[in-house]
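For reference, query14.tsv is printed below; it contains TSV, C-alpha atoms and all ligand atoms.
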```tsv
chain	number	residue	atom	x	y	z
Q	24	MET	CA	2.13	21.90	26.01
Q	25	SER	CA	5.63	20.47	25.76
Q	26	LEU	CA	8.19	21.79	23.34
Q	27	LYS	CA	8.01	18.48	21.48
Q	28	THR	CA	4.25	18.90	21.01
Q	29	VAL	CA	4.69	22.47	19.80
Q	30	ILE	CA	7.32	21.40	17.30
Q	31	TYR	CA	5.12	18.52	16.11
Q	32	ALA	CA	2.13	20.86	15.69
Q	33	LEU	CA	4.32	23.27	13.74
Q	34	VAL	CA	5.61	20.50	11.48
Q	35	VAL	CA	2.08	19.29	10.87
Q	36	ALA	CA	0.93	22.84	10.06
Q	37	LEU	CA	3.81	23.38	7.65
Q	38	ALA	CA	3.08	20.08	5.94
Q	39	GLY	CA	-0.43	21.25	5.15
Q	40	ALA	CA	-2.08	19.70	8.21
Q	41	HIS	CA	-1.03	16.28	7.06
Q	42	PRO	CA	1.58	14.32	8.91
Q	43	VAL	CA	4.57	13.15	7.00
Q	44	TRP	CA	5.56	9.65	7.92
Q	45	ALA	CA	9.27	10.29	8.02
Q	46	GLN	CA	9.86	7.18	10.07
Q	47	SER	CA	8.61	3.68	9.63
Q	48	LEU	CA	5.14	2.67	10.79
Q	49	ASP	CA	4.55	-0.66	12.48
Q	50	PHE	CA	1.39	-2.71	12.18
Q	51	ILE	CA	0.21	-6.07	13.44
Q	52	ILE	CA	-2.44	-7.66	11.26
Q	53	GLN	CA	-4.82	-10.08	12.94
Q	54	ASP	CA	-8.08	-11.86	12.14
Q	55	GLN	CA	-11.38	-11.51	13.98
Q	56	ASN	CA	-10.25	-14.14	16.50
Q	57	GLY	CA	-7.07	-12.26	17.35
Q	58	ASP	CA	-4.82	-14.70	15.49
Q	59	PRO	CA	-1.95	-13.20	13.48
Q	60	LEU	CA	-2.55	-12.91	9.75
Q	61	SER	CA	0.34	-13.43	7.39
Q	62	ASP	CA	0.23	-12.47	3.70
Q	63	ALA	CA	-1.64	-9.20	4.18
Q	64	VAL	CA	-0.46	-6.44	1.84
Q	65	VAL	CA	-0.23	-3.05	3.57
Q	66	PHE	CA	0.43	0.11	1.59
Q	67	PHE	CA	-0.21	3.79	1.07
Q	68	GLU	CA	-2.16	4.20	-2.14
Q	69	THR	CA	-0.40	7.36	-3.28
Q	70	PRO	CA	3.02	7.55	-1.73
Q	71	ASP	CA	5.83	9.56	-3.17
Q	72	ARG	CA	7.56	7.53	-5.82
Q	73	GLN	CA	11.15	7.84	-4.77
Q	74	ASP	CA	12.61	5.02	-6.76
Q	75	THR	CA	11.01	4.15	-10.08
Q	76	THR	CA	13.64	1.66	-11.18
Q	77	PRO	CA	11.81	-1.50	-12.29
Q	78	ARG	CA	12.49	-4.42	-10.03
Q	79	GLU	CA	12.76	-8.07	-10.95
Q	80	MET	CA	10.22	-10.00	-8.90
Q	81	ILE	CA	10.86	-13.74	-8.66
Q	82	LEU	CA	7.94	-16.10	-8.11
Q	83	ASP	CA	9.25	-19.59	-7.52
Q	84	GLN	CA	7.50	-22.92	-7.68
Q	85	THR	CA	8.93	-25.35	-5.20
Q	86	GLY	CA	7.45	-28.39	-3.46
Q	87	GLU	CA	4.32	-27.88	-5.58
Q	88	LYS	CA	3.74	-24.46	-4.05
Q	89	PHE	CA	4.18	-20.95	-5.32
Q	90	SER	CA	6.69	-19.04	-3.26
Q	91	PRO	CA	5.94	-16.47	-2.03
Q	92	TYR	CA	2.19	-17.03	-1.68
Q	93	VAL	CA	1.52	-13.28	-1.78
Q	94	MET	CA	3.78	-10.75	-3.45
Q	95	ALA	CA	3.51	-6.95	-3.49
Q	96	ALA	CA	4.74	-5.53	-6.79
Q	97	ARG	CA	4.75	-2.15	-8.46
Q	98	ARG	CA	3.45	-1.32	-11.91
Q	99	GLY	CA	6.46	-1.40	-14.22
Q	100	ASP	CA	8.18	-4.20	-12.32
Q	101	VAL	CA	9.14	-7.37	-14.14
Q	102	LEU	CA	7.77	-10.72	-12.99
Q	103	LYS	CA	9.76	-13.87	-13.56
Q	104	PHE	CA	8.67	-17.41	-12.75
Q	105	HIS	CA	11.06	-20.08	-11.64
Q	106	ASN	CA	10.17	-23.74	-11.56
Q	107	SER	CA	12.50	-25.35	-9.05
Q	108	ASP	CA	10.44	-28.54	-8.99
Q	109	PRO	CA	11.34	-31.77	-10.76
Q	110	VAL	CA	7.85	-31.71	-12.33
Q	111	SER	CA	6.09	-29.41	-14.78
Q	112	HIS	CA	3.59	-26.75	-13.80
Q	113	HIS	CA	0.90	-25.12	-15.91
Q	114	ILE	CA	0.41	-21.60	-14.61
Q	115	TYR	CA	-2.83	-19.79	-15.39
Q	116	SER	CA	-4.55	-16.56	-14.45
Q	117	PHE	CA	-7.90	-15.16	-15.49
Q	118	SER	CA	-7.13	-11.83	-13.82
Q	119	ARG	CA	-7.57	-8.70	-15.89
Q	120	ALA	CA	-4.27	-7.38	-14.62
Q	121	MET	CA	-2.48	-10.27	-16.32
Q	122	PRO	CA	-4.20	-13.18	-18.04
Q	123	LEU	CA	-1.75	-16.04	-18.25
Q	124	ASN	CA	-1.55	-19.56	-19.64
Q	125	MET	CA	1.94	-20.94	-19.50
Q	126	VAL	CA	3.42	-24.41	-19.14
Q	127	MET	CA	6.69	-24.46	-17.28
Q	128	HIS	CA	8.85	-27.54	-17.51
Q	129	ARG	CA	10.93	-28.69	-14.58
Q	130	ASP	CA	13.95	-26.62	-13.57
Q	131	THR	CA	13.19	-23.76	-15.95
Q	132	VAL	CA	12.94	-19.98	-15.73
Q	133	SER	CA	10.33	-17.95	-17.60
Q	134	GLY	CA	10.95	-14.89	-19.69
Q	135	ASP	CA	10.32	-11.41	-18.31
Q	136	LEU	CA	6.66	-10.55	-17.82
Q	137	LEU	CA	6.07	-6.82	-17.55
Q	138	LEU	CA	3.54	-5.88	-14.87
Q	139	GLU	CA	1.74	-3.25	-16.95
Q	140	HIS	CA	-1.53	-3.02	-15.05
Q	141	SER	CA	-2.37	-2.51	-11.43
Q	142	GLY	CA	-4.67	-5.00	-9.74
Q	143	VAL	CA	-4.52	-8.41	-8.17
Q	144	ILE	CA	-3.22	-11.30	-10.27
Q	145	ALA	CA	-4.58	-14.59	-8.93
Q	146	LEU	CA	-2.49	-17.52	-10.09
Q	147	GLY	CA	-3.19	-21.23	-10.16
Q	148	CYS	CA	-1.76	-24.37	-11.67
Q	149	ASN	CA	-3.77	-26.54	-14.04
Q	150	ILE	CA	-1.89	-29.65	-12.94
Q	151	HIS	CA	-1.90	-29.10	-9.18
Q	152	ASP	CA	-5.22	-27.70	-7.97
Q	153	HIS	CA	-3.85	-26.87	-4.53
Q	154	MET	CA	-1.34	-24.35	-5.90
Q	155	ALA	CA	-2.30	-20.69	-5.54
Q	156	ALA	CA	-0.55	-17.35	-5.39
Q	157	PHE	CA	-1.40	-13.67	-5.62
Q	158	VAL	CA	0.60	-10.82	-7.07
Q	159	VAL	CA	-0.77	-7.48	-5.90
Q	160	VAL	CA	0.31	-4.80	-8.37
Q	161	GLY	CA	-0.03	-1.16	-7.37
Q	162	ASP	CA	1.37	2.22	-8.24
Q	163	THR	CA	2.94	2.47	-4.85
Q	164	ASP	CA	6.61	2.14	-4.21
Q	165	ILE	CA	5.90	1.29	-0.60
Q	166	ALA	CA	3.96	-1.90	-0.01
Q	167	VAL	CA	4.80	-4.64	2.44
Q	168	VAL	CA	3.48	-8.13	3.14
Q	169	SER	CA	2.85	-9.18	6.72
Q	170	ASP	CA	5.02	-11.99	8.05
Q	171	ARG	CA	3.87	-15.17	9.81
Q	172	ASP	CA	3.40	-13.25	13.06
Q	173	GLY	CA	1.28	-10.62	11.31
Q	174	ASN	CA	3.98	-7.96	11.47
Q	175	ALA	CA	4.14	-5.35	8.72
Q	176	ARG	CA	6.53	-2.40	8.79
Q	177	LEU	CA	5.99	0.39	6.28
Q	178	PRO	CA	9.18	2.33	5.65
Q	179	GLY	CA	9.28	6.10	6.07
Q	180	SER	CA	7.49	8.06	3.37
Q	181	LYS	CA	6.59	11.59	2.37
Q	182	THR	CA	3.05	10.58	1.60
Q	183	THR	CA	0.33	12.88	2.90
Q	184	GLU	CA	-2.12	10.01	3.18
Q	185	ARG	CA	-3.47	9.32	6.62
Q	186	GLU	CA	-4.86	5.89	5.95
Q	187	VAL	CA	-3.31	2.69	4.76
Q	188	LYS	CA	-4.90	0.18	2.44
Q	189	VAL	CA	-4.87	-3.48	3.41
Q	190	TRP	CA	-5.52	-6.46	1.16
Q	191	HIS	CA	-5.67	-10.14	2.06
Q	192	PRO	CA	-6.58	-13.24	0.01
Q	193	ARG	CA	-9.24	-14.22	2.55
Q	194	LEU	CA	-10.99	-10.85	2.70
Q	195	LEU	CA	-14.52	-11.11	1.39
Q	196	LYS	CA	-14.42	-10.61	-2.39
Q	197	ARG	CA	-10.74	-9.86	-1.85
Q	198	ALA	CA	-11.52	-6.18	-1.54
Q	199	LEU	CA	-9.28	-3.53	-0.11
Q	200	VAL	CA	-9.83	-2.22	3.38
Q	201	SER	CA	-8.97	1.38	4.34
Q	202	VAL	CA	-7.62	1.90	7.83
Q	203	PRO	CA	-6.82	5.31	9.35
Q	204	VAL	CA	-3.30	5.50	10.75
Q	205	SER	CA	-3.92	6.06	14.42
Q	206	GLY	CA	-0.86	4.65	16.08
Q	207	GLY	CA	1.69	7.05	14.70
Q	208	GLN	CA	5.39	6.63	14.62
Q	209	GLY	CA	7.09	4.71	17.37
Q	210	THR	CA	4.00	2.69	18.22
Q	211	THR	CA	2.50	-0.47	16.80
Q	212	GLN	CA	-1.04	-0.29	15.47
Q	213	THR	CA	-3.16	-3.43	15.42
Q	214	ILE	CA	-5.41	-3.91	12.40
Q	215	THR	CA	-8.16	-6.50	12.65
Q	216	LEU	CA	-9.51	-7.98	9.42
Q	217	ARG	CA	-12.69	-9.97	9.15
Q	218	VAL	CA	-11.63	-12.83	6.92
Q	219	GLN	CA	-13.18	-16.01	5.61
Q	220	PRO	CA	-12.22	-19.31	7.24
Q	221	GLU	CA	-8.84	-20.67	6.35
Q	222	LEU	CA	-8.76	-23.00	3.40
Q	223	LYS	CA	-7.71	-26.56	4.05
Q	224	PRO	CA	-3.95	-26.97	3.81
Q	225	PRO	CA	-3.06	-28.25	0.38
Q	226	GLN	CA	-2.35	-31.93	0.05
Q	227	THR	CA	1.17	-32.19	-1.18
Q	228	PRO	CA	1.97	-35.61	-2.55
Q	229	ALA	CA	5.50	-36.87	-2.33
Q	230	MET	CA	7.40	-35.58	-5.30
Q	231	ASN	CA	8.38	-39.03	-6.51
Q	232	GLU	CA	4.72	-40.04	-6.78
Q	233	ARG	CA	4.30	-37.84	-9.80
Q	234	ALA	CA	6.20	-37.30	-12.94
Q	235	TYR	CA	4.97	-34.98	-15.65
G	1	CU	CU	1.76	-27.27	-10.77
```
Since I need it in another form, could you write the structure as structure tokens?
Ligand SMILES: [Cu+2]
Amino acid sequence: MSLKTVIYALVVALAGAHPVWAQSLDFIIQDQNGDPLSDAVVFFETPDRQDTTPREMILDQTGEKFSPYVMAARRGDVLKFHNSDPVSHHIYSFSRAMPLNMVMHRDTVSGDLLLEHSGVIALGCNIHDHMAAFVVVGDTDIAVVSDRDGNARLPGSKTTEREVKVWHPRLLKRALVSVPVSGGQGTTQTITLRVQPELKPPQTPAMNERAY
């Protein structure tokens, strides 16, 4: 047994047999075909809340799309919509975490919307059916969204949890998946999600074809 292993075992024992993820953890999220999955939210459900300062989360509308498509927010954060388009949007949500029905005229900014409840807020636009976005609200201060190559890096944490939760818009019933952390620090763990087929890319008409 190397000295490093002994020290690690000692640290684990002192931490109550649970590892403490002092350093960042790297994940690659992929689908059942091995293709990278962007827009997966990866988080520890009960991390230590180090910073409870509410953040201002900006959800833009540009080119008749919500941007970002998936956002990871924390309960207590403030959500603010921007409409950068030269047309109006009519944002709606039937989600329990935040029902919404709000017309936004071109080049406007919404008021502050307090994210009071945890859950997934699914957003659409009544004018443009192809527009969709998801705001995943949790109690965690550490949640990341995978990039276009499926990469997700969770920052270091004092959490004692040994599994991460993963959410993706194309997961069946959009449920959470629990995945044991097996890779450990300094390695990259691949997480494979069984997702529904990709939706057809939205048809985005030229902006000058419409005027609301
Ligand atoms: Cu719209």
Near-Q:Ser169 list (12 Å; all atoms listed in the file; drop same-chain fewer than 3 positions) as a PyMOL selection string: chain Q and resi 49-53+59-66+91-95+166+172-177+189-191+214
Would you mind exporting C-alpha atoms of the selected residues as a JSON list (two decimals), keeping the file's coordinate frame?
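Contents of the output file selection_16.json:
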```json
[["chain", "number", "residue", "atom", "x", "y", "z"],
["Q", 49, "ASP", "CA", 4.55, -0.66, 12.48],
["Q", 50, "PHE", "CA", 1.39, -2.71, 12.18],
["Q", 51, "ILE", "CA", 0.21, -6.07, 13.44],
["Q", 52, "ILE", "CA", -2.44, -7.66, 11.26],
["Q", 53, "GLN", "CA", -4.82, -10.08, 12.94],
["Q", 59, "PRO", "CA", -1.95, -13.20, 13.48],
["Q", 60, "LEU", "CA", -2.55, -12.91, 9.75],
["Q", 61, "SER", "CA", 0.34, -13.43, 7.39],
["Q", 62, "ASP", "CA", 0.23, -12.47, 3.70],
["Q", 63, "ALA", "CA", -1.64, -9.20, 4.18],
["Q", 64, "VAL", "CA", -0.46, -6.44, 1.84],
["Q", 65, "VAL", "CA", -0.23, -3.05, 3.57],
["Q", 66, "PHE", "CA", 0.43, 0.11, 1.59],
["Q", 91, "PRO", "CA", 5.94, -16.47, -2.03],
["Q", 92, "TYR", "CA", 2.19, -17.03, -1.68],
["Q", 93, "VAL", "CA", 1.52, -13.28, -1.78],
["Q", 94, "MET", "CA", 3.78, -10.75, -3.45],
["Q", 95, "ALA", "CA", 3.51, -6.95, -3.49],
["Q", 166, "ALA", "CA", 3.96, -1.90, -0.01],
["Q", 172, "ASP", "CA", 3.40, -13.25, 13.06],
["Q", 173, "GLY", "CA", 1.28, -10.62, 11.31],
["Q", 174, "ASN", "CA", 3.98, -7.96, 11.47],
["Q", 175, "ALA", "CA", 4.14, -5.35, 8.72],
["Q", 176, "ARG", "CA", 6.53, -2.40, 8.79],
["Q", 177, "LEU", "CA", 5.99, 0.39, 6.28],
["Q", 189, "VAL", "CA", -4.87, -3.48, 3.41],
["Q", 190, "TRP", "CA", -5.52, -6.46, 1.16],
["Q", 191, "HIS", "CA", -5.67, -10.14, 2.06],
["Q", 214, "ILE", "CA", -5.41, -3.91, 12.40]]
```
Neighbourhood of ligand CU 1 (chain G) at 6 Å, counting only C-alpha atoms and all ligand atoms, reported as a ChimeraX atom specification: /Q:87,112-113,148,150-151
Atom CA of Q:Thr183 to atom CA of Q:Glu68, distance in Å rounded to a single decimal: 10.3 Å
Interatomic distance, atom CA of Q:Asp135 to atom CA of Q:Gly86 (Å, one decimal): 22.7 Å
Within 9 Å of stretch 195-210 of chain Q: each stretch 25-129 of chain Q residue with its shortest pair, only C-alpha atoms, as a tab-separated table:
```
residue	atom	partner	partner_atom	distance
Q:Trp44	CA	Q:Gln208	CA	7.4
Q:Ala45	CA	Q:Gln208	CA	8.5
Q:Gln46	CA	Q:Gln208	CA	6.4
Q:Ser47	CA	Q:Gln208	CA	6.6
Q:Leu48	CA	Q:Gln208	CA	5.5
Q:Asp49	CA	Q:Thr210	CA	6.7
Q:Phe50	CA	Q:Thr210	CA	8.5
```
Separation of atom CA of Q:Ile165 from atom CA of Q:Ser118, in Å and rounded to one decimal: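 For atom CA of Q:Ile165 relative to atom CA of Q:Ser118, the distance reads 22.7 Å.
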Selected residue of minimal separation from Q:Lys103 among Q:Lys88, Q:Arg78, Q:His128, Q:Arg119, counting all atoms listed in the file: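 Closest to Q:Lys103, using all atoms listed in the file: Q:Arg78.
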Hey, what's within 12 Å of Q:Asn149 if we count only C-alpha atoms and toss same-chain stuff fewer than 2 positions away? As a short mmCIF file (atom, residue, chain, number, x, y, z; two decimals) with C-alpha atoms, in the frame of the given file, please?
```cif
data_model
loop_
_atom_site.label_atom_id
_atom_site.label_comp_id
_atom_site.auth_asym_id
_atom_site.auth_seq_id
_atom_site.Cartn_x
_atom_site.Cartn_y
_atom_site.Cartn_z
CA GLU Q 87 4.32 -27.88 -5.58
CA SER Q 111 6.09 -29.41 -14.78
CA HIS Q 112 3.59 -26.75 -13.80
CA HIS Q 113 0.90 -25.12 -15.91
CA ILE Q 114 0.41 -21.60 -14.61
CA TYR Q 115 -2.83 -19.79 -15.39
CA SER Q 116 -4.55 -16.56 -14.45
CA LEU Q 123 -1.75 -16.04 -18.25
CA ASN Q 124 -1.55 -19.56 -19.64
CA MET Q 125 1.94 -20.94 -19.50
CA VAL Q 126 3.42 -24.41 -19.14
CA MET Q 127 6.69 -24.46 -17.28
CA LEU Q 146 -2.49 -17.52 -10.09
CA GLY Q 147 -3.19 -21.23 -10.16
CA HIS Q 151 -1.90 -29.10 -9.18
CA ASP Q 152 -5.22 -27.70 -7.97
CA HIS Q 153 -3.85 -26.87 -4.53
CA MET Q 154 -1.34 -24.35 -5.90
CA ALA Q 155 -2.30 -20.69 -5.54
#
```
Residue among Q:His105, Q:Arg217, Q:Thr182, Q:Pro70 lying closest to Q:Asp83, counting all atoms listed in the file: Q:His105
Nearest to Q:Thr76 by atom-to-atom distance, counting all atoms listed in the file, from Q:Asp54, Q:Phe104, Q:Asp164, Q:Phe157: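 Checking each candidate against Q:Thr76, we get Q:Asp164 as the closest.
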Pick from Q:Val43, Q:Pro77, Q:Asp58, Q:Glu184, whichever lies nearest to Q:Glu221 using only C-alpha atoms: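 Ranked by minimum distance to Q:Glu221, first place goes to Q:Asp58.
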